[in-house]
Amino acid sequence: MTVLECLLVGMEGGGGEEVFVRDLAENPPAGVRYTLALRHHESVTGARSRRVTEVLFNRLVHPWIWPLAGLKAYRVDRRFDLVHVHNYAHHISSPDRVPVVMSLGGGSYYHYVQAYLGWPEERMQALYRRGRTVFRTFGITNEFVNWGRLSGIFVRSEFARGFLLRMGVPVSLVEVIPPGFSVPAPPVRPLARDGFTFLFVGRDPIRKGADLVIDAIRVLRGSRGLRVRAIMVGDPSFRELSPEDGFEAHPWVKREVLYRELYPRADALLLPSRVEGYGIAPIEAMSFGIPVIASRYGALPETVLDQVTGLLVTPGDGESLRQAMTALATDARRAREMGAAGRARFEAEYTRERFHERLLAFYERALAGS
């Protein structure tokens, strides 16, 4: 079998996007060999970082178009059949114009700036006009305003794809490829349990609705008298909940601990985000056969099928969340059925093997069209 040699250009920082590219490099599709370039100004075998270009651009020009992504620039030799760039604006030079594809995490930079940073539309349009001028002047490839060098772009959701199409990116260039994960053994949960346990996982508690979860647990345990509890994971502020009945607090845990100890103990996952680009936790929960209560926002309705694998609630609406939590906590059979449906959906759509199949087909189309 011929091996496809691919330069994988990722982003560091310790967040989910670094985890994505590291996992891809360590678990490549069959027949693909990655060379990972992760750090700024890092040269790897076959790809020399154009350090001076990066430094000059990122220090002198990039502040004018912040928060659009900074630049990564490489001179690539003939050993690579394909270059895969994750998230970054980039300039790839090669003797034979090696095909370049791009992937985006979460929603998109447009969604990030608009929803996460709260920029109004007029300011957004001004930013992208500047970005169009800068990227085209310097010959830098960007998924929104200078995509002509790309042989393909893949995003994780139709929600993210919609932003690209509205900016004029050709339909034929953009594909949706959901992420893929290893398949855990489904935990065995006893039919009779002492109450109902909700799990919340998130590093940004206000954006992800942790305050709504905390309030809901207090109300359901108090005035409504339900035996519910919440495992809260992800933020130092959760330590304040430790003395209070109904809460178990973990400021943060390693992913292997989350998988080994916390998901198996949960009856449902909560992600009532006010703003969300994609959201990995619902997919993880489905892999463990756990129903999900999530906001009707962003890509979450694409992942969580309302009334099938979980329940969707109105973003920022505490009463909507409390009603959904009550519905699952008082109907264990329904919760188990939704969890089973989620596990089946995970096995059909979100395994690593399924992701690899889609990614290989994407690479093959990019190579055929170059």
# chains A, B, ... in the order shown; residues from 1 in each chain; ligands from 1

call {"tool": "residues_around", "arguments": {"residues": "Gly16 (chain A)", "least_positions_apart": "2", "cutoff": "12 Å", "atoms": "only C-alpha atoms", "output": "PyMOL selection string"}}
result
chain A and resi 10-14+18-23+86+104-106+179+202-203+255+278-281

call {"tool": "write_last_selection", "arguments": {"atoms": "C-alpha atoms", "output": "PDB file, in the first residue's frame"}}
result
ATOM      1  CA  GLY A  10      -1.751  22.384  14.273  1.00  0.00           C
ATOM      2  CA  MET A  11      -2.136  24.880  17.063  1.00  0.00           C
ATOM      3  CA  GLU A  12      -0.671  24.681  20.536  1.00  0.00           C
ATOM      4  CA  GLY A  13      -2.138  26.051  23.731  1.00  0.00           C
ATOM      5  CA  GLY A  14      -3.356  22.989  25.623  1.00  0.00           C
ATOM      6  CA  GLU A  18      -4.336  20.918  20.322  1.00  0.00           C
ATOM      7  CA  VAL A  19      -5.844  17.694  21.686  1.00  0.00           C
ATOM      8  CA  PHE A  20      -7.514  17.143  18.301  1.00  0.00           C
ATOM      9  CA  VAL A  21      -4.358  17.437  16.209  1.00  0.00           C
ATOM     10  CA  ARG A  22      -2.236  15.435  18.657  1.00  0.00           C
ATOM     11  CA  ASP A  23      -4.811  12.653  18.686  1.00  0.00           C
ATOM     12  CA  HIS A  86      -5.923  23.098  11.360  1.00  0.00           C
ATOM     13  CA  LEU A 104     -11.755  24.119  11.561  1.00  0.00           C
ATOM     14  CA  GLY A 105     -12.598  23.358  15.169  1.00  0.00           C
ATOM     15  CA  GLY A 106     -15.754  24.398  17.000  1.00  0.00           C
ATOM     16  CA  PRO A 179     -15.092  14.162  15.088  1.00  0.00           C
ATOM     17  CA  GLY A 202     -16.915  22.766  31.354  1.00  0.00           C
ATOM     18  CA  ARG A 203     -14.054  25.206  31.864  1.00  0.00           C
ATOM     19  CA  ARG A 255      -9.699  13.061  30.546  1.00  0.00           C
ATOM     20  CA  TYR A 278     -19.680  22.625  18.793  1.00  0.00           C
ATOM     21  CA  GLY A 279     -19.420  20.824  22.137  1.00  0.00           C
ATOM     22  CA  ILE A 280     -17.543  17.539  22.498  1.00  0.00           C
ATOM     23  CA  ALA A 281     -19.029  16.473  25.843  1.00  0.00           C
TER      24      ALA A 281
END

call {"tool": "residues_around", "arguments": {"residues": "region 327-340 of chain A", "least_positions_apart": "3", "cutoff": "6 Å", "atoms": "only C-alpha atoms", "output": "CSV table (one decimal) with N, CA and C atoms, in the first residue's frame"}}
result
chain,number,residue,atom,x,y,z
A,196,PHE,N,-30.8,10.5,41.2
A,196,PHE,CA,-30.4,10.7,39.8
A,196,PHE,C,-29.2,11.6,39.8
A,289,GLY,N,-23.6,5.8,26.8
A,289,GLY,CA,-25.0,5.5,26.9
A,289,GLY,C,-25.7,6.4,27.9
A,290,ILE,N,-25.3,7.7,27.9
A,290,ILE,CA,-25.9,8.7,28.8
A,290,ILE,C,-26.7,9.7,28.0
A,291,PRO,N,-28.0,10.0,28.4
A,291,PRO,CA,-28.8,11.0,27.7
A,291,PRO,C,-28.2,12.4,28.0
A,308,VAL,N,-35.0,12.1,21.5
A,308,VAL,CA,-34.5,10.8,21.1
A,308,VAL,C,-33.3,10.4,21.9
A,309,THR,N,-32.2,11.2,21.8
A,309,THR,CA,-31.0,11.0,22.6
A,309,THR,C,-30.8,11.9,23.7
A,310,GLY,N,-31.8,12.8,23.9
A,310,GLY,CA,-31.7,13.8,25.0
A,310,GLY,C,-32.8,14.8,24.8
A,324,ALA,N,-36.6,20.0,32.0
A,324,ALA,CA,-35.9,18.9,31.3
A,324,ALA,C,-35.3,18.0,32.4
A,343,ARG,N,-26.1,5.9,22.5
A,343,ARG,CA,-25.0,5.0,22.2
A,343,ARG,C,-25.1,4.4,20.8

call {"tool": "residues_around", "arguments": {"residues": "Ala37 (chain A)", "least_positions_apart": "3", "cutoff": "9 Å", "atoms": "only C-alpha atoms", "output": "PDB file with N, CA and C atoms, in the first residue's frame"}}
result
ATOM      1  N   LEU A   7       1.800  16.564   5.921  1.00  0.00           N
ATOM      2  CA  LEU A   7       2.237  17.525   6.934  1.00  0.00           C
ATOM      3  C   LEU A   7       0.992  18.025   7.646  1.00  0.00           C
ATOM      4  N   LEU A   8       0.949  17.848   8.976  1.00  0.00           N
ATOM      5  CA  LEU A   8      -0.192  18.275   9.778  1.00  0.00           C
ATOM      6  C   LEU A   8       0.220  19.489  10.605  1.00  0.00           C
ATOM      7  N   VAL A   9      -0.343  20.641  10.283  1.00  0.00           N
ATOM      8  CA  VAL A   9      -0.002  21.900  10.952  1.00  0.00           C
ATOM      9  C   VAL A   9      -1.104  22.211  11.955  1.00  0.00           C
ATOM     10  N   GLY A  10      -0.754  22.194  13.239  1.00  0.00           N
ATOM     11  CA  GLY A  10      -1.751  22.384  14.273  1.00  0.00           C
ATOM     12  C   GLY A  10      -1.498  23.620  15.103  1.00  0.00           C
ATOM     13  N   MET A  11      -2.254  23.733  16.175  1.00  0.00           N
ATOM     14  CA  MET A  11      -2.136  24.880  17.063  1.00  0.00           C
ATOM     15  C   MET A  11      -1.902  24.391  18.485  1.00  0.00           C
ATOM     16  N   HIS A  40       4.770  27.331  17.179  1.00  0.00           N
ATOM     17  CA  HIS A  40       5.166  28.441  16.328  1.00  0.00           C
ATOM     18  C   HIS A  40       6.665  28.384  16.071  1.00  0.00           C
ATOM     19  N   GLU A  42       8.374  26.315  14.511  1.00  0.00           N
ATOM     20  CA  GLU A  42       8.953  24.983  14.604  1.00  0.00           C
ATOM     21  C   GLU A  42       9.129  24.380  13.210  1.00  0.00           C
ATOM     22  N   SER A  43      10.373  24.046  12.866  1.00  0.00           N
ATOM     23  CA  SER A  43      10.638  23.317  11.628  1.00  0.00           C
ATOM     24  C   SER A  43      10.618  21.826  11.914  1.00  0.00           C
ATOM     25  N   VAL A  44      10.145  21.047  10.955  1.00  0.00           N
ATOM     26  CA  VAL A  44      10.140  19.592  11.058  1.00  0.00           C
ATOM     27  C   VAL A  44      10.751  19.042   9.778  1.00  0.00           C
ATOM     28  N   ALA A  47       9.721  20.273   6.214  1.00  0.00           N
ATOM     29  CA  ALA A  47       8.983  21.542   6.236  1.00  0.00           C
ATOM     30  C   ALA A  47       9.739  22.535   7.109  1.00  0.00           C
TER      31      ALA A  47
END

call {"tool": "select_by_dssp", "arguments": {"residues": "region 28-60 of chain A", "states": "strand (DSSP E)", "output": "PDB file with C-alpha atoms, in the first residue's frame"}}
result
ATOM      1  CA  VAL A  32      -1.595   7.987   6.215  1.00  0.00           C
ATOM      2  CA  ARG A  33       1.629   9.076   7.908  1.00  0.00           C
ATOM      3  CA  TYR A  34       1.598  12.460   9.587  1.00  0.00           C
ATOM      4  CA  THR A  35       4.456  14.774  10.368  1.00  0.00           C
ATOM      5  CA  LEU A  36       3.166  17.103  13.063  1.00  0.00           C
ATOM      6  CA  ALA A  37       4.192  20.773  13.192  1.00  0.00           C
ATOM      7  CA  ALA A  47       8.983  21.542   6.236  1.00  0.00           C
ATOM      8  CA  ARG A  48      11.085  24.534   7.204  1.00  0.00           C
ATOM      9  CA  SER A  49       9.426  27.244   9.227  1.00  0.00           C
TER      10      SER A  49
END

call {"tool": "residues_around", "arguments": {"residues": "Leu300 (chain A)", "least_positions_apart": "2", "cutoff": "10 Å", "atoms": "only C-alpha atoms", "output": "list in words"}}
result
Ser157, Phe159, Leu271, Pro272, Ser273, Glu276, Gly277, Tyr278, Gly279, Ile280, Pro282, Ile283, Ile293, Ala294, Ser295, Arg296, Tyr297, Gly298, Glu302, Thr303, Val304, Leu305, Asp306 and Leu312 of chain A

call {"tool": "write_last_selection", "arguments": {"atoms": "N, CA and C atoms", "output": "mmCIF file, in the first residue's frame"}}
result
data_model
loop_
_atom_site.group_PDB
_atom_site.id
_atom_site.type_symbol
_atom_site.label_atom_id
_atom_site.label_comp_id
_atom_site.auth_asym_id
_atom_site.auth_seq_id
_atom_site.Cartn_x
_atom_site.Cartn_y
_atom_site.Cartn_z
ATOM 1 N N SER A 157 -19.667 20.693 11.659
ATOM 2 C CA SER A 157 -21.133 20.782 11.719
ATOM 3 C C SER A 157 -21.676 21.602 10.559
ATOM 4 N N PHE A 159 -23.791 23.843 11.123
ATOM 5 C CA PHE A 159 -23.783 25.174 11.727
ATOM 6 C C PHE A 159 -22.534 25.941 11.305
ATOM 7 N N LEU A 271 -25.425 20.310 29.447
ATOM 8 C CA LEU A 271 -24.647 21.333 28.754
ATOM 9 C C LEU A 271 -25.599 22.456 28.314
ATOM 10 N N PRO A 272 -26.098 23.235 29.272
ATOM 11 C CA PRO A 272 -27.045 24.311 28.940
ATOM 12 C C PRO A 272 -26.324 25.599 28.545
ATOM 13 N N SER A 273 -25.486 25.518 27.532
ATOM 14 C CA SER A 273 -24.631 26.636 27.147
ATOM 15 C C SER A 273 -25.444 27.818 26.636
ATOM 16 N N GLU A 276 -22.229 28.262 22.218
ATOM 17 C CA GLU A 276 -21.428 27.057 22.007
ATOM 18 C C GLU A 276 -21.151 26.895 20.525
ATOM 19 N N GLY A 277 -19.885 26.635 20.174
ATOM 20 C CA GLY A 277 -19.558 26.407 18.782
ATOM 21 C C GLY A 277 -19.890 24.990 18.356
ATOM 22 N N TYR A 278 -19.399 24.024 19.127
ATOM 23 C CA TYR A 278 -19.680 22.625 18.793
ATOM 24 C C TYR A 278 -20.068 21.845 20.043
ATOM 25 N N GLY A 279 -19.120 21.572 20.920
ATOM 26 C CA GLY A 279 -19.420 20.824 22.137
ATOM 27 C C GLY A 279 -19.102 19.358 21.985
ATOM 28 N N ILE A 280 -17.975 18.926 22.575
ATOM 29 C CA ILE A 280 -17.543 17.539 22.498
ATOM 30 C C ILE A 280 -18.217 16.675 23.558
ATOM 31 N N PRO A 282 -21.249 16.194 24.731
ATOM 32 C CA PRO A 282 -22.415 15.361 24.405
ATOM 33 C C PRO A 282 -22.061 14.082 23.656
ATOM 34 N N ILE A 283 -21.065 14.143 22.785
ATOM 35 C CA ILE A 283 -20.657 12.939 22.060
ATOM 36 C C ILE A 283 -20.014 11.946 23.019
ATOM 37 N N ILE A 293 -28.872 16.676 28.161
ATOM 38 C CA ILE A 293 -29.717 17.878 28.141
ATOM 39 C C ILE A 293 -28.814 19.025 27.713
ATOM 40 N N ALA A 294 -29.115 19.637 26.585
ATOM 41 C CA ALA A 294 -28.251 20.672 26.014
ATOM 42 C C ALA A 294 -29.098 21.808 25.465
ATOM 43 N N SER A 295 -28.445 22.917 25.203
ATOM 44 C CA SER A 295 -29.132 24.087 24.654
ATOM 45 C C SER A 295 -29.453 23.909 23.178
ATOM 46 N N ARG A 296 -30.521 24.526 22.788
ATOM 47 C CA ARG A 296 -30.883 24.582 21.367
ATOM 48 C C ARG A 296 -30.093 25.736 20.742
ATOM 49 N N TYR A 297 -28.808 25.494 20.551
ATOM 50 C CA TYR A 297 -27.909 26.554 20.078
ATOM 51 C C TYR A 297 -26.773 25.928 19.291
ATOM 52 N N GLY A 298 -26.320 26.650 18.247
ATOM 53 C CA GLY A 298 -25.148 26.229 17.503
ATOM 54 C C GLY A 298 -25.317 24.853 16.896
ATOM 55 N N GLU A 302 -27.602 19.363 16.212
ATOM 56 C CA GLU A 302 -27.148 18.362 15.256
ATOM 57 C C GLU A 302 -26.639 17.115 15.966
ATOM 58 N N THR A 303 -26.108 17.297 17.165
ATOM 59 C CA THR A 303 -25.547 16.190 17.930
ATOM 60 C C THR A 303 -26.600 15.530 18.806
ATOM 61 N N VAL A 304 -27.327 16.342 19.549
ATOM 62 C CA VAL A 304 -28.347 15.841 20.479
ATOM 63 C C VAL A 304 -29.695 15.874 19.771
ATOM 64 N N LEU A 305 -30.262 14.712 19.504
ATOM 65 C CA LEU A 305 -31.566 14.642 18.851
ATOM 66 C C LEU A 305 -32.650 14.788 19.915
ATOM 67 N N ASP A 306 -33.378 15.875 19.827
ATOM 68 C CA ASP A 306 -34.366 16.197 20.845
ATOM 69 C C ASP A 306 -35.430 15.101 20.951
ATOM 70 N N LEU A 312 -33.505 19.161 24.409
ATOM 71 C CA LEU A 312 -32.965 20.478 24.117
ATOM 72 C C LEU A 312 -33.749 21.530 24.891
#

call {"tool": "residues_around", "arguments": {"residues": "Arg75 (chain A)", "least_positions_apart": "3", "cutoff": "12 Å", "atoms": "only C-alpha atoms", "output": "MDAnalysis selection string"}}
result
chainID A and resid 7 41:51 53 72 78:80 83 90:98

call {"tool": "write_last_selection", "arguments": {"atoms": "N, CA and C atoms", "output": "mmCIF file, in the first residue's frame"}}
result
data_model
loop_
_atom_site.group_PDB
_atom_site.id
_atom_site.type_symbol
_atom_site.label_atom_id
_atom_site.label_comp_id
_atom_site.auth_asym_id
_atom_site.auth_seq_id
_atom_site.Cartn_x
_atom_site.Cartn_y
_atom_site.Cartn_z
ATOM 1 N N LEU A 7 1.800 16.564 5.921
ATOM 2 C CA LEU A 7 2.237 17.525 6.934
ATOM 3 C C LEU A 7 0.992 18.025 7.646
ATOM 4 N N HIS A 41 7.050 28.682 14.845
ATOM 5 C CA HIS A 41 8.448 28.755 14.420
ATOM 6 C C HIS A 41 9.152 27.397 14.497
ATOM 7 N N GLU A 42 8.374 26.315 14.511
ATOM 8 C CA GLU A 42 8.953 24.983 14.604
ATOM 9 C C GLU A 42 9.129 24.380 13.210
ATOM 10 N N SER A 43 10.373 24.046 12.866
ATOM 11 C CA SER A 43 10.638 23.317 11.628
ATOM 12 C C SER A 43 10.618 21.826 11.914
ATOM 13 N N VAL A 44 10.145 21.047 10.955
ATOM 14 C CA VAL A 44 10.140 19.592 11.058
ATOM 15 C C VAL A 44 10.751 19.042 9.778
ATOM 16 N N THR A 45 11.059 17.776 9.772
ATOM 17 C CA THR A 45 11.655 17.160 8.599
ATOM 18 C C THR A 45 10.756 17.350 7.384
ATOM 19 N N GLY A 46 11.268 18.016 6.385
ATOM 20 C CA GLY A 46 10.520 18.241 5.155
ATOM 21 C C GLY A 46 9.745 19.545 5.107
ATOM 22 N N ALA A 47 9.721 20.273 6.214
ATOM 23 C CA ALA A 47 8.983 21.542 6.236
ATOM 24 C C ALA A 47 9.739 22.535 7.109
ATOM 25 N N ARG A 48 10.307 23.545 6.465
ATOM 26 C CA ARG A 48 11.085 24.534 7.204
ATOM 27 C C ARG A 48 10.227 25.738 7.525
ATOM 28 N N SER A 49 10.186 26.079 8.801
ATOM 29 C CA SER A 49 9.426 27.244 9.227
ATOM 30 C C SER A 49 10.069 28.518 8.699
ATOM 31 N N ARG A 50 9.270 29.392 8.127
ATOM 32 C CA ARG A 50 9.750 30.697 7.676
ATOM 33 C C ARG A 50 9.571 31.665 8.848
ATOM 34 N N ARG A 51 10.487 31.531 9.776
ATOM 35 C CA ARG A 51 10.371 32.188 11.076
ATOM 36 C C ARG A 51 10.307 33.708 10.960
ATOM 37 N N THR A 53 9.286 35.553 8.488
ATOM 38 C CA THR A 53 7.985 35.944 7.940
ATOM 39 C C THR A 53 6.902 35.886 9.005
ATOM 40 N N LYS A 72 1.068 31.000 10.148
ATOM 41 C CA LYS A 72 2.095 29.976 10.127
ATOM 42 C C LYS A 72 2.565 29.834 8.683
ATOM 43 N N ARG A 78 9.414 17.948 -1.396
ATOM 44 C CA ARG A 78 8.645 16.990 -2.187
ATOM 45 C C ARG A 78 8.266 15.725 -1.423
ATOM 46 N N ARG A 79 8.672 15.604 -0.188
ATOM 47 C CA ARG A 79 8.337 14.371 0.526
ATOM 48 C C ARG A 79 6.849 14.299 0.875
ATOM 49 N N PHE A 80 6.158 15.454 0.888
ATOM 50 C CA PHE A 80 4.753 15.461 1.295
ATOM 51 C C PHE A 80 3.822 15.424 0.091
ATOM 52 N N VAL A 83 -0.778 18.741 2.534
ATOM 53 C CA VAL A 83 -0.621 19.530 3.748
ATOM 54 C C VAL A 83 -2.009 19.752 4.340
ATOM 55 N N HIS A 90 -2.321 30.702 6.830
ATOM 56 C CA HIS A 90 -1.021 30.098 6.534
ATOM 57 C C HIS A 90 -0.532 30.494 5.142
ATOM 58 N N HIS A 91 0.772 30.296 4.977
ATOM 59 C CA HIS A 91 1.399 30.468 3.666
ATOM 60 C C HIS A 91 2.309 29.261 3.461
ATOM 61 N N ILE A 92 1.917 28.396 2.535
ATOM 62 C CA ILE A 92 2.672 27.180 2.247
ATOM 63 C C ILE A 92 3.293 27.323 0.865
ATOM 64 N N SER A 93 4.622 27.273 0.802
ATOM 65 C CA SER A 93 5.299 27.281 -0.496
ATOM 66 C C SER A 93 5.936 25.909 -0.711
ATOM 67 N N SER A 94 5.838 25.416 -1.934
ATOM 68 C CA SER A 94 6.387 24.099 -2.266
ATOM 69 C C SER A 94 6.729 24.070 -3.742
ATOM 70 N N PRO A 95 7.693 23.225 -4.138
ATOM 71 C CA PRO A 95 8.111 23.218 -5.538
ATOM 72 C C PRO A 95 7.032 22.746 -6.499
ATOM 73 N N ASP A 96 6.120 21.908 -6.043
ATOM 74 C CA ASP A 96 5.095 21.344 -6.930
ATOM 75 C C ASP A 96 3.680 21.720 -6.524
ATOM 76 N N ARG A 97 3.541 22.796 -5.750
ATOM 77 C CA ARG A 97 2.229 23.210 -5.256
ATOM 78 C C ARG A 97 1.465 22.027 -4.659
ATOM 79 N N VAL A 98 2.017 21.499 -3.582
ATOM 80 C CA VAL A 98 1.385 20.395 -2.863
ATOM 81 C C VAL A 98 -0.025 20.811 -2.455
#

call {"tool": "residues_around", "arguments": {"residues": "Ile140 (chain A)", "least_positions_apart": "5", "cutoff": "12 Å", "atoms": "only C-alpha atoms", "output": "list of chain:residue names"}}
result
A:Thr53, A:Glu54, A:Phe57, A:His62, A:Ala69, A:Gly70, A:Leu71, A:Lys72, A:Ala73, A:Tyr74, A:Tyr88, A:Ala89, A:His90, A:His91, A:Ile92, A:Ser93, A:Gly131, A:Arg132, A:Thr133, A:Val134, A:Phe135, A:Val145, A:Asn146, A:Trp147, A:Gly148, A:Arg149, A:Leu150

call {"tool": "write_last_selection", "arguments": {"atoms": "C-alpha atoms", "output": "mmCIF file, in the first residue's frame"}}
result
data_model
loop_
_atom_site.group_PDB
_atom_site.id
_atom_site.type_symbol
_atom_site.label_atom_id
_atom_site.label_comp_id
_atom_site.auth_asym_id
_atom_site.auth_seq_id
_atom_site.Cartn_x
_atom_site.Cartn_y
_atom_site.Cartn_z
ATOM 1 C CA THR A 53 7.985 35.944 7.940
ATOM 2 C CA GLU A 54 5.891 34.657 10.831
ATOM 3 C CA PHE A 57 3.533 39.362 10.281
ATOM 4 C CA HIS A 62 -1.676 40.741 12.930
ATOM 5 C CA ALA A 69 -5.764 33.736 13.489
ATOM 6 C CA GLY A 70 -2.068 34.546 13.267
ATOM 7 C CA LEU A 71 0.208 33.227 10.532
ATOM 8 C CA LYS A 72 2.095 29.976 10.127
ATOM 9 C CA ALA A 73 4.447 29.826 7.145
ATOM 10 C CA TYR A 74 6.379 26.833 5.806
ATOM 11 C CA TYR A 88 -4.436 28.754 11.132
ATOM 12 C CA ALA A 89 -4.069 31.333 8.406
ATOM 13 C CA HIS A 90 -1.021 30.098 6.534
ATOM 14 C CA HIS A 91 1.399 30.468 3.666
ATOM 15 C CA ILE A 92 2.672 27.180 2.247
ATOM 16 C CA SER A 93 5.299 27.281 -0.496
ATOM 17 C CA GLY A 131 -8.693 40.675 6.768
ATOM 18 C CA ARG A 132 -9.536 40.424 3.082
ATOM 19 C CA THR A 133 -7.096 43.214 2.274
ATOM 20 C CA VAL A 134 -4.299 41.814 4.440
ATOM 21 C CA PHE A 135 -4.514 38.164 3.472
ATOM 22 C CA VAL A 145 -11.480 35.640 2.715
ATOM 23 C CA ASN A 146 -8.691 34.011 0.686
ATOM 24 C CA TRP A 147 -9.493 30.341 0.156
ATOM 25 C CA GLY A 148 -8.398 29.998 -3.473
ATOM 26 C CA ARG A 149 -5.253 28.004 -2.632
ATOM 27 C CA LEU A 150 -7.228 25.364 -0.741
#

call {"tool": "closest_residue", "arguments": {"among": "A:Ser242, A:Thr141, A:Ser320, A:Ser172", "to": "Phe154 (chain A)", "atoms": "only C-alpha atoms"}}
result
A:Ser172

call {"tool": "select_by_dssp", "arguments": {"residues": "region 73-162 of chain A", "states": "alpha helix (DSSP H)", "output": "list in words"}}
result
Tyr109, Tyr110, His111, Glu121, Glu122, Arg123, Met124, Gln125, Ala126, Leu127, Tyr128, Arg129, Arg130, Gly131, Arg132, Thr133, Val134, Phe135, Arg136, Thr137, Phe138, Glu158, Phe159, Ala160, Arg161 and Gly162 of chain A

call {"tool": "atom_distance", "arguments": {"atom1": "CA of Glu121 (chain A)", "atom2": "CA of Leu68 (chain A)"}}
result
15.3 Å

call {"tool": "closest_residue", "arguments": {"among": "A:Leu56, A:Val169, A:Ala25, A:Leu199", "to": "Ala266 (chain A)", "atoms": "only C-alpha atoms"}}
result
A:Leu199

call {"tool": "residues_around", "arguments": {"residues": "Pro29 (chain A)", "least_positions_apart": "4", "cutoff": "12 Å", "atoms": "only C-alpha atoms", "output": "compact mmCIF listing (two decimals) with C-alpha atoms, in the first residue's frame"}}
result
# COMPACT_ATOMS: atom_id res chain seq x y z
CA VAL A 3 1.61 5.67 2.19
CA LEU A 4 0.16 9.17 2.01
CA GLU A 5 2.72 11.52 3.53
CA CYS A 6 0.91 14.45 5.15
CA ASP A 23 -4.81 12.65 18.69
CA LEU A 24 -4.99 12.67 14.89
CA ALA A 25 -1.20 12.51 14.60
CA ARG A 33 1.63 9.08 7.91
CA TYR A 34 1.60 12.46 9.59
CA GLY A 180 -14.49 10.55 16.08
CA ARG A 352 -12.78 7.03 15.29
CA GLU A 353 -13.18 4.49 12.48
CA ARG A 354 -16.09 6.46 10.98
CA PHE A 355 -14.11 9.69 11.24
CA HIS A 356 -11.15 8.04 9.48
CA GLU A 357 -13.38 6.81 6.65
CA ARG A 358 -14.71 10.32 6.04
CA LEU A 359 -11.30 11.94 6.38
CA LEU A 360 -9.65 9.56 3.90
CA ALA A 361 -12.41 10.21 1.36
CA PHE A 362 -11.91 13.95 1.90
CA TYR A 363 -8.14 13.62 1.31

call {"tool": "closest_residue", "arguments": {"among": "A:Arg221, A:Thr2, A:Glu143, A:Arg265", "to": "Asp245 (chain A)", "atoms": "only C-alpha atoms"}}
result
A:Arg221

call {"tool": "closest_residue", "arguments": {"among": "A:Ile217, A:Leu241, A:Met325, A:Val174", "to": "Asp267 (chain A)", "atoms": "only C-alpha atoms"}}
result
A:Met325
